[in-house]
Amino acid sequence: MKSHVIGVAFTALAILLIPRPHSEAEAGQVSGVSELDRPVSPSEKAFLLVQLDRIQPPDRIRDLSGYSRRQLELGGGFYGMMPDQLADPDSIPVPEDAESRLAAAICLAKQRQENRAALAQLNPDYPSFFRDESLADFLAGIPAWEESPAGSPSILDLELDVSALRGFLEALADGEISAAEAASLAGLPSNRAMLRHRRDLGYVPEPLPDTGSLAQMIMMAGSADPLDRLWCWLNSQNDFGYADLVQNAEGYDRLLAELDNHGDALIEAALTRIAAYTPADVPFQTTFALTVGWAIRGWTTPEMAGLNIEQVKDDWPYLFGTMVEETYHRLQLELFPATKGMPAEEFSDLVSIDTGDPRYDRLYEIVTYTVAEGAANLVRGPYAASDLAGKAPAGAELLARFVREVVGEGDLDSADALINEGLQGNGPLYGLGWELAGQIDDNEGAQAVGVYQQQGSVTFFLRGAELAAATGDPLLSPEVMAAVKDLETRLGGPTRESGVPLTETEQEKQRHDP
């Protein structure tokens, strides 16, 4: 790393020592330098010129035109969400001399500008820089919990796994990541879990990355080859997002140092919030991992939950909120009752059921997604999206459409589209679920949010809706309530007139005192 820094500094010094031009050709070169000055900093300009000078033979630069296709084949492509990068080889100037090197540098700088503009449009929340704010200061400002958690934090255990991030930076420290190092990093449990989540989503287009292709992208990001270095520089999203780590290695080093010093306090704060919404004496142990992965922030699998750290960097409120939410999602696999006669291993197990009627199977799915996402965002608390309350009416309207089209008209083909509309981008079903969970929290306390999840998503849904209706401002239409109560009957649970299932004590009393 030191030799690279020295090389950049030497080149920058050489640029400063170029004498004033006397010929028209030399004047054109300075004009080129001025045009390059606008989109890049002096250090970036020096980096570009160094790497372009290293390309041998010079026409090899046109191999960059094939990088987008190769990246797509490895499972790290942009699927049309961002522009192709340098797809036309003839558009890339060959850096054969000083003038053509400047032309090539300008071409690359313009491409990076296009990439940054596309990223800002696709993901305006993506942080390009580190905040350099103190984790200790953030933790000191977390609001104190207003009531003592009913569950015991001592039986909740959370491990923070930073091995994917730390391992990459350590392997990069000597200037190049070998094939063996890349394979070892890709095979880490956290990276395997992150890849499984991406694969299990079901809507990410193929090809999907596996540990082998991830290793190749890690090795490309850590390569000393000038083309690989230029590819990283062009777009922070390249190489599955590892290009961001290469560009901002010092920032990630500082982030790790903050976690080394205050990670235990971060975990304790997360567990305190999770425990408040967890029924008493529920044992739970999991891992929260920091990984890297293009286009996806938080994730969860049966093994662990995690966050692709380049998506947030040192945005401590977002990191903390995601840690709470995704860890709680992992806990929900144990809170929700099994629908297949065995404990849920993944989130799809929670939403799948066989009622004997596919219309009600899909209704159960959308109700369960609504409850699970709403409860987890309630636990996330002040670090959840600020517009959740405003989304609740749209969530209720979407659910009414679902009941009308899928349950009433039997249009099963519309179910997936409606569910996706409700969930994508923290959609309106998040707001509806958050409001239902909030009703339970406000009226019966935080622990009740966990208790009702243990009784099932339909029980939770009906209880939240019943409490909302009691305020005189019902969330849900009579048609939706009737359909969900019908679903409850199909699930076999005894009910009160309100539709809320009887407790075991009430069932026993009913048997002995009809």
# chains A, B, ... in the order shown; residues from 1 in each chain; ligands from 1
call {"tool": "select_by_dssp", "arguments": {"residues": "region 86-278 of chain A", "states": "strand (DSSP E or B)", "output": "list in words"}}
result
Leu156, Asp157, Leu158, Glu159, Leu160 and Asp161 of chain A
call {"tool": "closest_atom_pairs", "arguments": {"of": "region 114-133 of chain A", "to": "region 301-314 of chain A", "cutoff": "12 Å", "atoms": "only C-alpha atoms", "output": "JSON lines"}}
result
{"residue": "A:Leu119", "atom": "CA", "partner": "A:Gln311", "partner_atom": "CA", "distance": 11.8}
{"residue": "A:Asn123", "atom": "CA", "partner": "A:Gln311", "partner_atom": "CA", "distance": 9.6}
{"residue": "A:Pro124", "atom": "CA", "partner": "A:Gln311", "partner_atom": "CA", "distance": 11.0}
{"residue": "A:Asp125", "atom": "CA", "partner": "A:Gln311", "partner_atom": "CA", "distance": 8.4}
{"residue": "A:Tyr126", "atom": "CA", "partner": "A:Gln311", "partner_atom": "CA", "distance": 5.9}
{"residue": "A:Pro127", "atom": "CA", "partner": "A:Val312", "partner_atom": "CA", "distance": 6.2}
{"residue": "A:Ser128", "atom": "CA", "partner": "A:Lys313", "partner_atom": "CA", "distance": 8.8}
{"residue": "A:Phe129", "atom": "CA", "partner": "A:Lys313", "partner_atom": "CA", "distance": 7.9}
{"residue": "A:Phe130", "atom": "CA", "partner": "A:Asp314", "partner_atom": "CA", "distance": 6.0}
{"residue": "A:Arg131", "atom": "CA", "partner": "A:Asp314", "partner_atom": "CA", "distance": 6.3}
{"residue": "A:Asp132", "atom": "CA", "partner": "A:Asp314", "partner_atom": "CA", "distance": 7.0}
{"residue": "A:Glu133", "atom": "CA", "partner": "A:Asp314", "partner_atom": "CA", "distance": 7.3}
call {"tool": "atom_distance", "arguments": {"atom1": "CA of Ala224 (chain A)", "atom2": "CA of Glu176 (chain A)"}}
result
5.6 Å
call {"tool": "closest_residue", "arguments": {"among": "A:Trp231, A:Tyr203, A:Tyr79, A:Phe240", "to": "Asp63 (chain A)", "atoms": "only C-alpha atoms"}}
result
A:Trp231
call {"tool": "residues_around", "arguments": {"residues": "Asp239 (chain A)", "least_positions_apart": "5", "cutoff": "8 Å", "atoms": "only C-alpha atoms", "output": "PDB file with N, CA and C atoms, in the first residue's frame"}}
result
ATOM      1  N   GLN A  71     -19.025  -9.460 -15.406  1.00  0.00           N
ATOM      2  CA  GLN A  71     -19.590  -9.226 -14.083  1.00  0.00           C
ATOM      3  C   GLN A  71     -21.008  -9.796 -13.996  1.00  0.00           C
ATOM      4  N   GLY A  76     -22.961 -10.512 -10.544  1.00  0.00           N
ATOM      5  CA  GLY A  76     -22.844  -9.171  -9.977  1.00  0.00           C
ATOM      6  C   GLY A  76     -23.304  -8.087 -10.925  1.00  0.00           C
ATOM      7  N   MET A 217     -15.036 -12.203  -7.990  1.00  0.00           N
ATOM      8  CA  MET A 217     -15.255 -10.755  -7.901  1.00  0.00           C
ATOM      9  C   MET A 217     -14.421 -10.140  -6.789  1.00  0.00           C
ATOM     10  N   ILE A 218     -14.248 -10.845  -5.681  1.00  0.00           N
ATOM     11  CA  ILE A 218     -13.377 -10.356  -4.605  1.00  0.00           C
ATOM     12  C   ILE A 218     -11.947 -10.241  -5.111  1.00  0.00           C
ATOM     13  N   MET A 220     -10.947  -9.838  -8.210  1.00  0.00           N
ATOM     14  CA  MET A 220     -10.867  -8.721  -9.154  1.00  0.00           C
ATOM     15  C   MET A 220     -10.778  -7.389  -8.413  1.00  0.00           C
ATOM     16  N   ALA A 221     -11.575  -7.245  -7.351  1.00  0.00           N
ATOM     17  CA  ALA A 221     -11.550  -6.000  -6.586  1.00  0.00           C
ATOM     18  C   ALA A 221     -10.194  -5.772  -5.936  1.00  0.00           C
ATOM     19  N   CYS A 232     -12.609  -0.925 -10.710  1.00  0.00           N
ATOM     20  CA  CYS A 232     -13.029  -0.543  -9.356  1.00  0.00           C
ATOM     21  C   CYS A 232     -13.281   0.959  -9.269  1.00  0.00           C
TER      22      CYS A 232
END
call {"tool": "closest_atom_pairs", "arguments": {"of": "region 371-472 of chain A", "to": "region 190-202 of chain A", "cutoff": "12 Å", "atoms": "only C-alpha atoms", "output": "Markdown table"}}
result
| residue | atom | partner | partner_atom | distance |
| --- | --- | --- | --- | --- |
| A:Asp416 | CA | A:Gly202 | CA | 11.7 |
| A:Asn420 | CA | A:Gly202 | CA | 11.6 |
| A:Gln424 | CA | A:Leu201 | CA | 11.8 |
call {"tool": "closest_residue", "arguments": {"among": "A:Pro279, A:Pro205, A:Gly464, A:Gly77", "to": "Gln332 (chain A)", "atoms": "only C-alpha atoms"}}
result
A:Pro279
call {"tool": "select_by_dssp", "arguments": {"residues": "region 349-437 of chain A", "states": "alpha helix (DSSP H)", "output": "MDAnalysis selection string"}}
result
chainID A and resid 349:351 358:380 388:402 415:423 428:437
call {"tool": "residues_around", "arguments": {"residues": "Ala265 (chain A)", "least_positions_apart": "2", "cutoff": "12 Å", "atoms": "only C-alpha atoms", "output": "PyMOL selection string"}}
result
chain A and resi 135-140+142+158-160+258-263+267-272+320
call {"tool": "atom_distance", "arguments": {"atom1": "CA of Ala396 (chain A)", "atom2": "CA of Gly431 (chain A)"}}
result
9.1 Å
call {"tool": "residues_around", "arguments": {"residues": "region 402-404 of chain A", "least_positions_apart": "5", "cutoff": "8 Å", "atoms": "only C-alpha atoms", "output": "ChimeraX atom specification"}}
result
/A:363,409,415,418,479-480,483
call {"tool": "write_last_selection", "arguments": {"atoms": "all heavy atoms", "output": "PDB file, in the first residue's frame"}}
result
ATOM      1  N   LEU A 363     -54.145 -15.494   1.202  1.00  0.00           N
ATOM      2  CA  LEU A 363     -54.528 -14.493   2.202  1.00  0.00           C
ATOM      3  C   LEU A 363     -53.687 -14.646   3.454  1.00  0.00           C
ATOM      4  O   LEU A 363     -53.230 -13.644   4.033  1.00  0.00           O
ATOM      5  CB  LEU A 363     -56.019 -14.635   2.542  1.00  0.00           C
ATOM      6  CG  LEU A 363     -56.561 -13.659   3.600  1.00  0.00           C
ATOM      7  CD1 LEU A 363     -56.383 -12.211   3.162  1.00  0.00           C
ATOM      8  CD2 LEU A 363     -58.033 -13.956   3.911  1.00  0.00           C
ATOM      9  N   GLU A 409     -62.917 -12.964  -6.055  1.00  0.00           N
ATOM     10  CA  GLU A 409     -63.031 -13.320  -7.463  1.00  0.00           C
ATOM     11  C   GLU A 409     -62.201 -14.540  -7.844  1.00  0.00           C
ATOM     12  O   GLU A 409     -62.295 -15.023  -8.976  1.00  0.00           O
ATOM     13  CB  GLU A 409     -62.621 -12.122  -8.330  1.00  0.00           C
ATOM     14  CG  GLU A 409     -63.471 -10.877  -8.095  1.00  0.00           C
ATOM     15  CD  GLU A 409     -62.948  -9.652  -8.832  1.00  0.00           C
ATOM     16  OE1 GLU A 409     -61.988  -9.808  -9.618  1.00  0.00           O
ATOM     17  OE2 GLU A 409     -63.495  -8.549  -8.611  1.00  0.00           O
ATOM     18  N   ALA A 415     -52.224 -12.426  -7.091  1.00  0.00           N
ATOM     19  CA  ALA A 415     -51.742 -12.430  -5.702  1.00  0.00           C
ATOM     20  C   ALA A 415     -50.298 -11.966  -5.591  1.00  0.00           C
ATOM     21  O   ALA A 415     -49.963 -11.116  -4.752  1.00  0.00           O
ATOM     22  CB  ALA A 415     -51.909 -13.826  -5.095  1.00  0.00           C
ATOM     23  N   LEU A 418     -49.837  -8.191  -6.119  1.00  0.00           N
ATOM     24  CA  LEU A 418     -50.335  -7.389  -4.998  1.00  0.00           C
ATOM     25  C   LEU A 418     -49.412  -7.492  -3.793  1.00  0.00           C
ATOM     26  O   LEU A 418     -49.148  -6.494  -3.116  1.00  0.00           O
ATOM     27  CB  LEU A 418     -51.750  -7.832  -4.638  1.00  0.00           C
ATOM     28  CG  LEU A 418     -52.846  -7.427  -5.639  1.00  0.00           C
ATOM     29  CD1 LEU A 418     -54.141  -8.167  -5.345  1.00  0.00           C
ATOM     30  CD2 LEU A 418     -53.069  -5.914  -5.614  1.00  0.00           C
ATOM     31  N   GLU A 479     -65.152  -6.014   4.821  1.00  0.00           N
ATOM     32  CA  GLU A 479     -64.875  -7.131   3.923  1.00  0.00           C
ATOM     33  C   GLU A 479     -63.551  -7.804   4.262  1.00  0.00           C
ATOM     34  O   GLU A 479     -63.452  -9.033   4.240  1.00  0.00           O
ATOM     35  CB  GLU A 479     -64.860  -6.644   2.472  1.00  0.00           C
ATOM     36  CG  GLU A 479     -66.202  -6.189   1.926  1.00  0.00           C
ATOM     37  CD  GLU A 479     -66.617  -4.812   2.428  1.00  0.00           C
ATOM     38  OE1 GLU A 479     -65.743  -4.074   2.973  1.00  0.00           O
ATOM     39  OE2 GLU A 479     -67.800  -4.453   2.272  1.00  0.00           O
ATOM     40  N   VAL A 480     -62.537  -6.994   4.576  1.00  0.00           N
ATOM     41  CA  VAL A 480     -61.241  -7.563   4.957  1.00  0.00           C
ATOM     42  C   VAL A 480     -61.364  -8.315   6.278  1.00  0.00           C
ATOM     43  O   VAL A 480     -60.875  -9.446   6.427  1.00  0.00           O
ATOM     44  CB  VAL A 480     -60.171  -6.459   5.055  1.00  0.00           C
ATOM     45  CG1 VAL A 480     -58.899  -7.005   5.711  1.00  0.00           C
ATOM     46  CG2 VAL A 480     -59.854  -5.906   3.672  1.00  0.00           C
ATOM     47  N   ALA A 483     -63.076 -11.632   5.776  1.00  0.00           N
ATOM     48  CA  ALA A 483     -62.238 -12.622   5.103  1.00  0.00           C
ATOM     49  C   ALA A 483     -61.191 -13.194   6.047  1.00  0.00           C
ATOM     50  O   ALA A 483     -60.925 -14.410   6.048  1.00  0.00           O
ATOM     51  CB  ALA A 483     -61.566 -11.988   3.880  1.00  0.00           C
TER      52      ALA A 483
END
call {"tool": "closest_residue", "arguments": {"among": "A:Arg38, A:Arg362, A:Arg463, A:Arg101", "to": "Val451 (chain A)", "atoms": "only C-alpha atoms"}}
result
A:Arg463
call {"tool": "atom_distance", "arguments": {"atom1": "CA of Gly456 (chain A)", "atom2": "CA of Thr368 (chain A)"}}
result
8.4 Å
call {"tool": "closest_residue", "arguments": {"among": "A:Thr211, A:Thr287, A:Ala173, A:Pro95", "to": "Leu48 (chain A)", "atoms": "only C-alpha atoms"}}
result
A:Pro95
call {"tool": "residues_around", "arguments": {"residues": "region 55-59 of chain A", "least_positions_apart": "2", "cutoff": "9 Å", "atoms": "only C-alpha atoms", "output": "ChimeraX atom specification"}}
result
/A:51-53,61-63,93-96,225-227
call {"tool": "write_last_selection", "arguments": {"atoms": "N, CA and C atoms", "output": "mmCIF file, in the first residue's frame"}}
result
data_model
loop_
_atom_site.group_PDB
_atom_site.id
_atom_site.type_symbol
_atom_site.label_atom_id
_atom_site.label_comp_id
_atom_site.auth_asym_id
_atom_site.auth_seq_id
_atom_site.Cartn_x
_atom_site.Cartn_y
_atom_site.Cartn_z
ATOM 1 N N GLN A 51 -2.230 4.314 -13.782
ATOM 2 C CA GLN A 51 -2.783 3.031 -14.222
ATOM 3 C C GLN A 51 -2.800 2.932 -15.748
ATOM 4 N N LEU A 52 -3.140 4.022 -16.420
ATOM 5 C CA LEU A 52 -3.150 3.998 -17.886
ATOM 6 C C LEU A 52 -1.757 3.753 -18.441
ATOM 7 N N ASP A 53 -0.757 4.304 -17.792
ATOM 8 C CA ASP A 53 0.624 4.105 -18.243
ATOM 9 C C ASP A 53 1.086 2.665 -18.024
ATOM 10 N N ILE A 61 -6.487 -1.882 -23.117
ATOM 11 C CA ILE A 61 -7.509 -1.125 -22.379
ATOM 12 C C ILE A 61 -8.910 -1.446 -22.890
ATOM 13 N N ARG A 62 -9.001 -1.817 -24.158
ATOM 14 C CA ARG A 62 -10.322 -2.079 -24.726
ATOM 15 C C ARG A 62 -10.944 -3.363 -24.194
ATOM 16 N N ASP A 63 -10.162 -4.143 -23.460
ATOM 17 C CA ASP A 63 -10.739 -5.302 -22.774
ATOM 18 C C ASP A 63 -11.748 -4.872 -21.712
ATOM 19 N N PRO A 93 -10.314 5.429 -25.888
ATOM 20 C CA PRO A 93 -9.019 5.798 -26.479
ATOM 21 C C PRO A 93 -7.894 4.897 -25.991
ATOM 22 N N VAL A 94 -7.025 4.515 -26.874
ATOM 23 C CA VAL A 94 -5.875 3.684 -26.516
ATOM 24 C C VAL A 94 -4.766 4.587 -25.993
ATOM 25 N N PRO A 95 -4.273 4.378 -24.757
ATOM 26 C CA PRO A 95 -3.281 5.283 -24.139
ATOM 27 C C PRO A 95 -1.857 5.005 -24.620
ATOM 28 N N GLU A 96 -1.556 5.449 -25.830
ATOM 29 C CA GLU A 96 -0.250 5.158 -26.414
ATOM 30 C C GLU A 96 0.780 6.236 -26.120
ATOM 31 N N ASP A 225 -3.799 -5.635 -11.194
ATOM 32 C CA ASP A 225 -3.848 -5.400 -12.634
ATOM 33 C C ASP A 225 -4.453 -4.020 -12.894
ATOM 34 N N PRO A 226 -3.859 -3.208 -13.786
ATOM 35 C CA PRO A 226 -4.373 -1.845 -13.994
ATOM 36 C C PRO A 226 -5.812 -1.819 -14.499
ATOM 37 N N LEU A 227 -6.224 -2.791 -15.311
ATOM 38 C CA LEU A 227 -7.608 -2.804 -15.776
ATOM 39 C C LEU A 227 -8.567 -3.072 -14.613
#
call {"tool": "residues_around", "arguments": {"residues": "Val162 (chain A)", "least_positions_apart": "5", "cutoff": "8 Å", "atoms": "only C-alpha atoms", "output": "list in words"}}
result
Ala289, Leu290 and Thr291 of chain A
